[in-house]
file run-v2.cif (mmCIF, C-alpha atoms)
data_entry
loop_
_atom_site.label_atom_id
_atom_site.label_comp_id
_atom_site.auth_asym_id
_atom_site.auth_seq_id
_atom_site.Cartn_x
_atom_site.Cartn_y
_atom_site.Cartn_z
CA MET A 30 3.70 19.72 34.25
CA LEU A 31 0.93 20.00 31.66
CA THR A 32 1.75 19.27 28.05
CA GLN A 33 -0.49 20.68 25.36
CA THR A 34 -1.70 18.18 22.77
CA THR A 35 -4.11 18.63 19.89
CA THR A 36 -5.15 17.25 16.52
CA ARG A 37 -6.01 19.33 13.46
CA VAL A 38 -6.35 19.01 9.71
CA LEU A 39 -3.05 19.97 8.11
CA GLU A 40 -2.89 22.67 5.46
CA PRO A 41 -0.60 23.09 2.42
CA SER A 42 1.70 25.29 4.53
CA ASP A 43 2.38 22.29 6.82
CA LEU A 44 3.94 20.27 4.00
CA ASP A 45 7.58 20.39 5.17
CA ALA A 46 6.66 19.40 8.71
CA ALA A 47 4.50 16.51 7.45
CA LEU A 48 7.25 15.25 5.14
CA ALA A 49 9.69 15.33 8.06
CA VAL A 50 7.40 12.98 10.00
CA LEU A 51 6.92 10.69 6.99
CA ASP A 52 10.69 10.63 6.47
CA ARG A 53 11.20 8.97 9.86
CA GLU A 54 10.04 5.63 8.43
CA PRO A 55 10.52 5.87 4.66
CA VAL A 56 9.75 2.21 3.93
CA ALA A 57 6.60 1.82 6.04
CA ASN A 58 5.32 5.23 4.94
CA ALA A 59 6.15 4.93 1.23
CA PHE A 60 2.52 4.77 0.07
CA VAL A 61 1.42 7.93 1.88
CA THR A 62 4.71 9.76 1.23
CA ALA A 63 4.38 9.16 -2.51
CA ARG A 64 0.86 10.63 -2.50
CA VAL A 65 1.90 13.67 -0.46
CA GLN A 66 4.94 14.35 -2.65
CA VAL A 67 2.70 14.42 -5.74
CA ALA A 68 -0.41 16.09 -4.33
CA GLY A 69 0.75 18.10 -1.32
CA LEU A 70 -1.69 18.46 1.57
CA ASP A 71 -4.65 20.05 -0.22
CA PRO A 72 -7.49 17.58 0.56
CA TRP A 73 -9.00 17.84 -2.92
CA ARG A 74 -5.74 16.87 -4.63
CA LEU A 75 -4.65 14.42 -1.92
CA GLY A 76 -7.94 12.53 -1.98
CA GLY A 77 -8.43 12.97 1.76
CA GLU A 78 -7.36 14.93 4.79
CA MET A 79 -4.05 14.67 6.60
CA TRP A 80 -4.56 14.92 10.34
CA GLY A 81 -1.70 16.09 12.51
CA TRP A 82 -1.10 15.33 16.20
CA TYR A 83 0.85 18.03 18.00
CA GLU A 84 2.71 17.75 21.28
CA ASP A 85 4.05 20.98 22.79
CA GLY A 86 3.50 22.74 19.49
CA MET A 87 5.49 20.20 17.45
CA LEU A 88 3.97 17.93 14.81
CA ALA A 89 4.59 14.43 16.20
CA SER A 90 2.25 12.02 14.35
CA LEU A 91 0.03 11.91 11.27
CA CYS A 92 -3.10 10.12 10.11
CA TYR A 93 -4.19 10.02 6.48
CA ALA A 94 -7.99 10.02 6.22
CA GLY A 95 -9.09 9.22 2.69
CA ALA A 96 -10.25 5.97 1.06
CA ASN A 97 -8.07 4.37 3.75
CA LEU A 98 -7.46 5.53 7.29
CA VAL A 99 -3.69 5.27 7.87
CA PRO A 100 -1.95 6.07 11.18
CA ILE A 101 1.62 7.27 10.59
CA CYS A 102 4.38 7.30 13.24
CA ALA A 103 1.46 7.38 15.67
CA THR A 104 2.14 7.28 19.41
CA PRO A 105 -0.54 5.77 21.68
CA ARG A 106 -1.73 9.26 22.65
CA ALA A 107 -1.84 10.31 19.01
CA VAL A 108 -3.92 7.23 18.15
CA ARG A 109 -6.44 8.20 20.82
CA GLY A 110 -6.63 11.71 19.35
CA PHE A 111 -7.09 10.34 15.83
CA ALA A 112 -9.76 7.90 17.03
CA ASP A 113 -11.72 10.73 18.63
CA ARG A 114 -11.63 12.74 15.41
CA ALA A 115 -12.54 9.68 13.30
CA ARG A 116 -15.48 8.85 15.57
CA ARG A 117 -16.84 12.38 15.30
CA ALA A 118 -16.44 12.43 11.52
CA GLY A 119 -18.03 9.02 11.00
CA ARG A 120 -16.63 6.25 8.81
CA ARG A 121 -15.90 7.34 5.24
CA CYS A 122 -13.05 4.92 4.47
CA SER A 123 -13.15 1.40 3.05
CA SER A 124 -10.30 0.20 5.27
CA ILE A 125 -7.95 1.04 8.11
CA VAL A 126 -4.39 0.04 7.26
CA GLY A 127 -0.97 0.75 8.72
CA PRO A 128 1.68 -0.51 11.14
CA ALA A 129 0.13 -3.34 13.14
CA THR A 130 0.54 -1.89 16.66
CA SER A 131 -1.00 1.52 16.04
CA THR A 132 -3.65 0.14 13.67
CA ALA A 133 -4.73 -2.43 16.25
CA GLN A 134 -5.05 0.29 18.89
CA LEU A 135 -6.99 2.53 16.50
CA TRP A 136 -9.40 -0.30 15.67
CA ARG A 137 -9.96 -1.16 19.34
CA LEU A 138 -11.05 2.42 19.91
CA LEU A 139 -13.20 2.66 16.77
CA GLU A 140 -14.78 -0.81 16.71
CA PRO A 141 -17.63 0.04 19.14
CA SER A 142 -18.90 2.75 16.77
CA TRP A 143 -17.54 1.60 13.40
CA GLY A 144 -17.78 -2.17 13.72
CA PRO A 145 -18.22 -4.84 12.76
CA ALA A 146 -15.51 -5.10 10.11
CA ARG A 147 -15.96 -7.30 7.05
CA GLU A 148 -12.51 -8.79 7.60
CA ILE A 149 -9.52 -8.19 9.87
CA ARG A 150 -5.98 -9.12 8.79
CA SER A 151 -4.07 -8.56 11.99
CA GLN A 152 -0.60 -9.63 10.82
CA GLN A 153 0.67 -8.73 7.36
CA PRO A 154 4.47 -9.05 7.31
CA LEU A 155 6.28 -6.03 5.85
CA MET A 156 9.13 -7.33 3.72
CA VAL A 157 12.11 -5.43 2.29
CA THR A 158 15.13 -5.96 0.07
CA ASP A 159 17.75 -3.73 -1.52
CA ARG A 160 19.44 -6.22 -3.87
CA LEU A 161 18.80 -8.79 -6.55
CA PRO A 162 18.96 -12.47 -5.58
CA ASP A 163 22.11 -14.39 -6.47
CA ASP A 164 20.38 -17.68 -7.26
CA ILE A 165 17.21 -16.75 -9.16
CA VAL A 166 17.31 -15.64 -12.78
CA PRO A 167 14.77 -12.87 -13.44
CA ASP A 168 12.03 -14.04 -15.81
CA PRO A 169 13.07 -12.60 -19.21
CA TYR A 170 9.42 -12.55 -20.36
CA VAL A 171 8.28 -10.15 -17.62
CA ARG A 172 8.20 -6.64 -19.07
CA ARG A 173 6.55 -3.27 -18.68
CA VAL A 174 2.91 -3.17 -19.74
CA ARG A 175 2.41 -0.81 -22.69
CA LYS A 176 -0.20 1.94 -22.74
CA ASP A 177 -2.08 0.18 -25.55
CA GLU A 178 -2.43 -2.97 -23.43
CA MET A 179 -5.00 -1.72 -20.89
CA GLU A 180 -7.62 -4.19 -22.17
CA THR A 181 -5.09 -6.98 -21.72
CA ILE A 182 -4.06 -6.13 -18.16
CA MET A 183 -7.43 -5.03 -16.70
CA PRO A 184 -9.03 -8.50 -16.32
CA ALA A 185 -5.95 -9.71 -14.41
CA CYS A 186 -6.02 -6.61 -12.18
CA VAL A 187 -9.72 -7.10 -11.43
CA ALA A 188 -9.17 -10.80 -10.68
CA MET A 189 -6.26 -10.01 -8.34
CA PHE A 190 -8.19 -7.29 -6.48
CA THR A 191 -11.32 -9.43 -6.09
CA GLU A 192 -9.30 -12.38 -4.84
CA GLU A 193 -7.25 -10.24 -2.45
CA VAL A 194 -9.89 -7.89 -1.04
CA GLY A 195 -13.00 -10.03 -1.34
CA VAL A 196 -15.05 -7.53 -3.36
CA SER A 197 -14.82 -6.46 -7.00
CA PRO A 198 -13.24 -3.08 -7.79
CA LEU A 199 -15.96 -2.71 -10.45
CA ALA A 200 -18.68 -2.31 -7.80
CA GLY A 201 -20.07 1.14 -7.10
CA ASP A 202 -18.77 3.36 -9.89
CA GLY A 203 -18.45 0.60 -12.48
CA GLY A 204 -14.70 0.49 -11.94
CA LEU A 205 -13.91 4.01 -13.19
CA LEU A 206 -11.64 4.89 -10.28
CA TYR A 207 -9.89 1.53 -10.36
CA GLN A 208 -9.38 1.68 -14.11
CA ALA A 209 -7.92 5.17 -13.75
CA ARG A 210 -5.49 3.88 -11.10
CA VAL A 211 -4.37 0.98 -13.31
CA ALA A 212 -3.94 3.36 -16.25
CA GLU A 213 -1.89 5.70 -14.07
CA LEU A 214 0.55 2.91 -13.16
CA VAL A 215 0.75 1.66 -16.75
CA GLY A 216 1.40 5.21 -17.94
CA ALA A 217 4.13 5.67 -15.35
CA GLY A 218 5.89 2.48 -16.48
CA ARG A 219 5.24 0.80 -13.11
CA SER A 220 3.01 -2.07 -14.29
CA PHE A 221 4.71 -5.35 -15.24
CA ALA A 222 3.42 -8.59 -16.72
CA ARG A 223 4.26 -11.82 -18.51
CA LEU A 224 1.87 -12.84 -21.28
CA ASP A 225 1.44 -16.33 -22.71
CA GLU A 226 1.44 -17.11 -26.44
CA ASP A 227 -2.26 -16.23 -26.62
CA GLY A 228 -1.66 -12.79 -25.12
CA LYS A 229 -3.17 -13.69 -21.72
CA VAL A 230 -1.59 -12.42 -18.51
CA VAL A 231 0.03 -15.23 -16.53
CA PHE A 232 1.97 -13.08 -14.02
CA LYS A 233 1.67 -9.43 -13.06
CA ALA A 234 2.75 -6.94 -10.43
CA GLU A 235 2.84 -3.18 -9.99
CA ILE A 236 5.10 -0.73 -8.21
CA GLY A 237 2.17 0.92 -6.49
CA ALA A 238 4.06 3.60 -4.59
CA ALA A 239 7.42 5.20 -5.25
CA THR A 240 9.60 7.79 -3.53
CA SER A 241 13.28 8.52 -3.94
CA GLN A 242 14.01 6.36 -0.87
CA ALA A 243 11.70 3.37 -1.23
CA CYS A 244 9.03 1.81 -3.39
CA GLN A 245 6.28 -0.70 -2.69
CA VAL A 246 5.32 -3.63 -4.91
CA GLN A 247 1.58 -4.38 -5.00
CA GLY A 248 -0.89 -6.49 -6.89
CA VAL A 249 1.32 -9.55 -7.37
CA TRP A 250 -0.77 -12.20 -9.12
CA VAL A 251 -0.29 -15.47 -10.99
CA ALA A 252 -3.14 -16.77 -13.15
CA PRO A 253 -4.78 -19.72 -11.34
CA GLU A 254 -4.03 -22.22 -14.09
CA TYR A 255 -0.32 -21.30 -13.93
CA ARG A 256 0.10 -21.56 -10.15
CA GLY A 257 2.53 -24.12 -8.80
CA ARG A 258 4.80 -23.85 -11.84
CA GLY A 259 7.45 -21.66 -10.20
CA LEU A 260 6.57 -18.42 -12.01
CA ALA A 261 6.26 -16.18 -8.96
CA ALA A 262 9.90 -16.02 -7.80
CA PRO A 263 11.48 -15.37 -11.25
CA GLY A 264 8.66 -12.91 -12.00
CA MET A 265 9.28 -11.06 -8.75
CA ALA A 266 13.02 -11.04 -9.46
CA ALA A 267 12.29 -9.36 -12.80
CA VAL A 268 10.09 -6.71 -11.17
CA LEU A 269 12.77 -6.22 -8.51
CA ARG A 270 15.40 -5.65 -11.20
CA TYR A 271 13.28 -2.91 -12.80
CA ALA A 272 12.49 -1.36 -9.40
CA LEU A 273 16.08 -1.17 -8.19
CA ALA A 274 17.38 0.08 -11.54
CA ASP A 275 14.73 2.69 -12.26
CA VAL A 276 12.73 3.57 -9.16
CA ALA A 277 14.28 3.37 -5.68
CA PRO A 278 17.17 1.79 -3.73
CA VAL A 279 14.84 -0.16 -1.41
CA VAL A 280 11.87 -2.30 -2.45
CA SER A 281 9.12 -3.31 -0.03
CA LEU A 282 5.81 -5.12 0.05
CA TYR A 283 3.41 -6.47 2.61
CA VAL A 284 1.66 -9.81 2.45
CA ASN A 285 -1.03 -11.69 4.34
CA ASP A 286 0.51 -13.96 6.96
CA PHE A 287 -1.72 -16.85 5.80
CA ASN A 288 -0.38 -16.64 2.22
CA THR A 289 2.45 -19.09 2.81
CA ALA A 290 3.17 -19.62 -0.90
CA ALA A 291 3.68 -15.92 -1.54
CA ARG A 292 5.79 -15.44 1.59
CA ALA A 293 8.02 -18.33 0.52
CA ALA A 294 8.41 -16.90 -3.00
CA TYR A 295 9.32 -13.46 -1.63
CA ARG A 296 11.87 -14.98 0.76
CA ARG A 297 13.42 -16.89 -2.13
CA VAL A 298 13.91 -13.60 -3.97
CA GLY A 299 15.63 -12.13 -0.89
CA PHE A 300 12.87 -10.19 0.87
CA LYS A 301 13.22 -10.13 4.66
CA GLU A 302 10.49 -9.42 7.19
CA VAL A 303 11.15 -6.16 9.04
CA GLY A 304 7.76 -5.44 10.64
CA ALA A 305 4.06 -5.98 10.20
CA PHE A 306 1.05 -4.13 8.86
CA MET A 307 -2.59 -4.67 9.80
CA SER A 308 -5.69 -4.14 7.66
CA VAL A 309 -9.31 -3.73 8.75
CA LEU A 310 -11.64 -4.09 5.75
CA PHE A 311 -15.22 -2.77 5.65
#
call {"tool": "encode", "arguments": {"input": "run-v2.cif", "output": "structure tokens"}}
result
Amino acid sequence: MLTQTTTRVLEPSDLDAALAVLDREPVANAFVTARVQVAGLDPWRLGGEMWGWYEDGMLASLCYAGANLVPICATPRAVRGFADRARRAGRRCSSIVGPATSTAQLWRLLEPSWGPAREIRSQQPLMVTDRLPDDIVPDPYVRRVRKDEMETIMPACVAMFTEEVGVSPLAGDGGLLYQARVAELVGAGRSFARLDEDGKVVFKAEIGAATSQACQVQGVWVAPEYRGRGLAAPGMAAVLRYALADVAPVVSLYVNDFNTAARAAYRRVGFKEVGAFMSVLF
């Protein structure tokens, strides 16, 4: 029996069907779901195209193709379809990121034409919690960053990004897009920091994506001169308290497997590993 399969760019009228796919894995898909809920599927507003993989006329898998290429609930056949479309379109993204299994398959298919990558992070544990820790007091000095504190928070954000990704977010457009993103999170009350007595950021984190079901913490950073002093776990507990009270019932993050200090701090706060992401950086 022949089954009909196809990929196509989704349109605004496909929104409900796309959200139904995203809803299958609300934690893993939180970043893309949050964007789609705000922007819909219009490519101009979404910042990229949403590709759909259909089997027997039903939308089965998705792939977000914007600044990142993100396979979503992607079956092996869907990944092959997305890889074909991505090859034809040429590389426009700065990274491929998503669940480790489908991302690894996608990269195997794209590497001959898109490679080499600048860096591959093949195992990034996805960690989740839905409660505050019993044995760690949230840092009382961690608070929301105010809108008039952009000049205070930006250097810490740039340092975190450069350290994490390996390139400065100020390259290319002088940091306009990155600054707008930081301002968006500050304005939404989803940027948190602890400042020292001189007004310098010593700990920071953002809730980078938020839906009604789950949110994702990103950009966790401790100033180098303050590392090893036990700030990360109480700081994360404070961010977790805000997240659970104000944003979503489940809080997630993903972390590089080689970052043993961060993984230990997250485990201390109660995060448990439930899966893995993979990132291919260009």
call {"tool": "resolve_selection", "arguments": {"input": "run-v2.cif", "expression": "the PyMOL selection byres ((chain A and resi 240) around 7)", "output": "list in words"}}
result
Ala59, Ala63, Ala239, Ser241, Gln242, Ala243, Cys244 and Ala277 of chain A
call {"tool": "atom_distance", "arguments": {"input": "run-v2.cif", "atom1": "CA of Val38 (chain A)", "atom2": "CA of Trp136 (chain A)"}}
result
20.4 Å
call {"tool": "closest_atom_pairs", "arguments": {"input": "run-v2.cif", "of": "region 115-171 of chain A", "to": "region 205-222 of chain A", "cutoff": "12 Å", "atoms": "all atoms listed in the file", "output": "tab-separated table"}}
result
residue	atom	partner	partner_atom	distance
A:Asp168	CA	A:Ala222	CA	10.2
A:Pro169	CA	A:Ala222	CA	10.7
A:Tyr170	CA	A:Ala222	CA	8.1
A:Val171	CA	A:Ala222	CA	5.2
call {"tool": "resolve_selection", "arguments": {"input": "run-v2.cif", "expression": "the PyMOL selection byres ((chain A and resi 97) around 6)", "output": "PyMOL selection string"}}
result
chain A and resi 95-96+98+122-125
call {"tool": "resolve_selection", "arguments": {"input": "run-v2.cif", "expression": "the PyMOL selection byres ((chain A and resi 246) around 7)", "output": "list in words"}}
result
Ala234, Glu235, Ile236, Gly237, Cys244, Gln245, Gln247, Ser281 and Leu282 of chain A
call {"tool": "closest_residue", "arguments": {"input": "run-v2.cif", "among": "A:Pro141, A:Gly203, A:Pro72, A:Gly304", "to": "Gly127 (chain A)", "atoms": "only C-alpha atoms"}}
result
A:Gly304
call {"tool": "closest_residue", "arguments": {"input": "run-v2.cif", "among": "A:Lys233, A:Asn285, A:Ala94, A:Val309", "to": "Gly264 (chain A)", "atoms": "all atoms listed in the file"}}
result
A:Lys233
call {"tool": "closest_residue", "arguments": {"input": "run-v2.cif", "among": "A:Ala68, A:Ala272, A:Ala118, A:Leu224", "to": "Ile182 (chain A)", "atoms": "all atoms listed in the file"}}
result
A:Leu224
call {"tool": "residues_around", "arguments": {"input": "run-v2.cif", "residues": "Pro263 (chain A)", "least_positions_apart": "3", "cutoff": "12 Å", "atoms": "all atoms listed in the file", "output": "ChimeraX atom specification"}}
result
/A:161-171,222-223,232-233,251,258-260,266-270,294-295,297-299
call {"tool": "closest_residue", "arguments": {"input": "run-v2.cif", "among": "A:Thr158, A:Gln134, A:Ser42, A:Ser197", "to": "Arg296 (chain A)", "atoms": "only C-alpha atoms"}}
result
A:Thr158
call {"tool": "build_atoms", "arguments": {"input": "run-v2.cif", "residues": "region 47-75 of chain A", "atoms": "N, CA and C atoms", "output": "short mmCIF file (atom, residue, chain, number, x, y, z; two decimals), in the coordinates of the input"}}
result
data_model
loop_
_atom_site.label_atom_id
_atom_site.label_comp_id
_atom_site.auth_asym_id
_atom_site.auth_seq_id
_atom_site.Cartn_x
_atom_site.Cartn_y
_atom_site.Cartn_z
N ALA A 47 5.10 17.83 7.68
CA ALA A 47 4.50 16.51 7.45
C ALA A 47 5.51 15.57 6.78
N LEU A 48 6.24 16.08 5.80
CA LEU A 48 7.25 15.25 5.14
C LEU A 48 8.35 14.83 6.10
N ALA A 49 8.68 15.68 7.06
CA ALA A 49 9.69 15.33 8.06
C ALA A 49 9.22 14.15 8.91
N VAL A 50 7.94 14.12 9.25
CA VAL A 50 7.40 12.98 10.00
C VAL A 50 7.41 11.72 9.13
N LEU A 51 6.94 11.84 7.90
CA LEU A 51 6.92 10.69 6.99
C LEU A 51 8.31 10.13 6.75
N ASP A 52 9.31 11.02 6.75
CA ASP A 52 10.69 10.63 6.47
C ASP A 52 11.30 9.80 7.58
N ARG A 53 10.66 9.76 8.75
CA ARG A 53 11.20 8.97 9.86
C ARG A 53 11.17 7.47 9.55
N GLU A 54 10.17 7.05 8.78
CA GLU A 54 10.04 5.63 8.43
C GLU A 54 9.74 5.53 6.93
N PRO A 55 10.77 5.75 6.10
CA PRO A 55 10.52 5.87 4.66
C PRO A 55 9.96 4.62 4.00
N VAL A 56 10.27 3.44 4.54
CA VAL A 56 9.75 2.21 3.93
C VAL A 56 8.28 2.01 4.30
N ALA A 57 7.98 2.04 5.59
CA ALA A 57 6.60 1.82 6.04
C ALA A 57 5.66 2.89 5.51
N ASN A 58 6.17 4.11 5.34
CA ASN A 58 5.32 5.23 4.94
C ASN A 58 5.33 5.51 3.44
N ALA A 59 5.94 4.64 2.65
CA ALA A 59 6.15 4.93 1.23
C ALA A 59 4.86 5.28 0.50
N PHE A 60 3.77 4.55 0.80
CA PHE A 60 2.52 4.77 0.07
C PHE A 60 1.99 6.18 0.31
N VAL A 61 1.95 6.60 1.56
CA VAL A 61 1.42 7.93 1.88
C VAL A 61 2.40 9.01 1.43
N THR A 62 3.70 8.78 1.64
CA THR A 62 4.71 9.76 1.23
C THR A 62 4.61 10.04 -0.26
N ALA A 63 4.46 8.99 -1.06
CA ALA A 63 4.38 9.16 -2.51
C ALA A 63 3.19 10.03 -2.88
N ARG A 64 2.05 9.82 -2.22
CA ARG A 64 0.86 10.63 -2.50
C ARG A 64 1.10 12.09 -2.13
N VAL A 65 1.69 12.30 -0.95
CA VAL A 65 1.90 13.67 -0.46
C VAL A 65 2.90 14.40 -1.35
N GLN A 66 3.94 13.71 -1.80
CA GLN A 66 4.94 14.35 -2.65
C GLN A 66 4.33 14.80 -3.98
N VAL A 67 3.35 14.06 -4.48
CA VAL A 67 2.70 14.42 -5.74
C VAL A 67 1.61 15.47 -5.53
N ALA A 68 0.81 15.29 -4.49
CA ALA A 68 -0.41 16.09 -4.33
C ALA A 68 -0.31 17.18 -3.29
N GLY A 69 0.71 17.16 -2.42
CA GLY A 69 0.75 18.10 -1.32
C GLY A 69 -0.30 17.75 -0.29
N LEU A 70 -0.75 18.72 0.48
CA LEU A 70 -1.69 18.46 1.57
C LEU A 70 -3.08 19.04 1.30
N ASP A 71 -3.31 19.57 0.11
CA ASP A 71 -4.65 20.05 -0.22
C ASP A 71 -5.59 18.84 -0.31
N PRO A 72 -6.65 18.79 0.51
CA PRO A 72 -7.49 17.58 0.56
C PRO A 72 -8.07 17.18 -0.79
N TRP A 73 -8.41 18.16 -1.63
CA TRP A 73 -9.00 17.84 -2.92
C TRP A 73 -8.01 17.08 -3.80
N ARG A 74 -6.76 17.54 -3.81
CA ARG A 74 -5.74 16.87 -4.63
C ARG A 74 -5.26 15.58 -3.98
N LEU A 75 -5.18 15.58 -2.65
CA LEU A 75 -4.65 14.42 -1.92
C LEU A 75 -5.65 13.27 -1.88
#
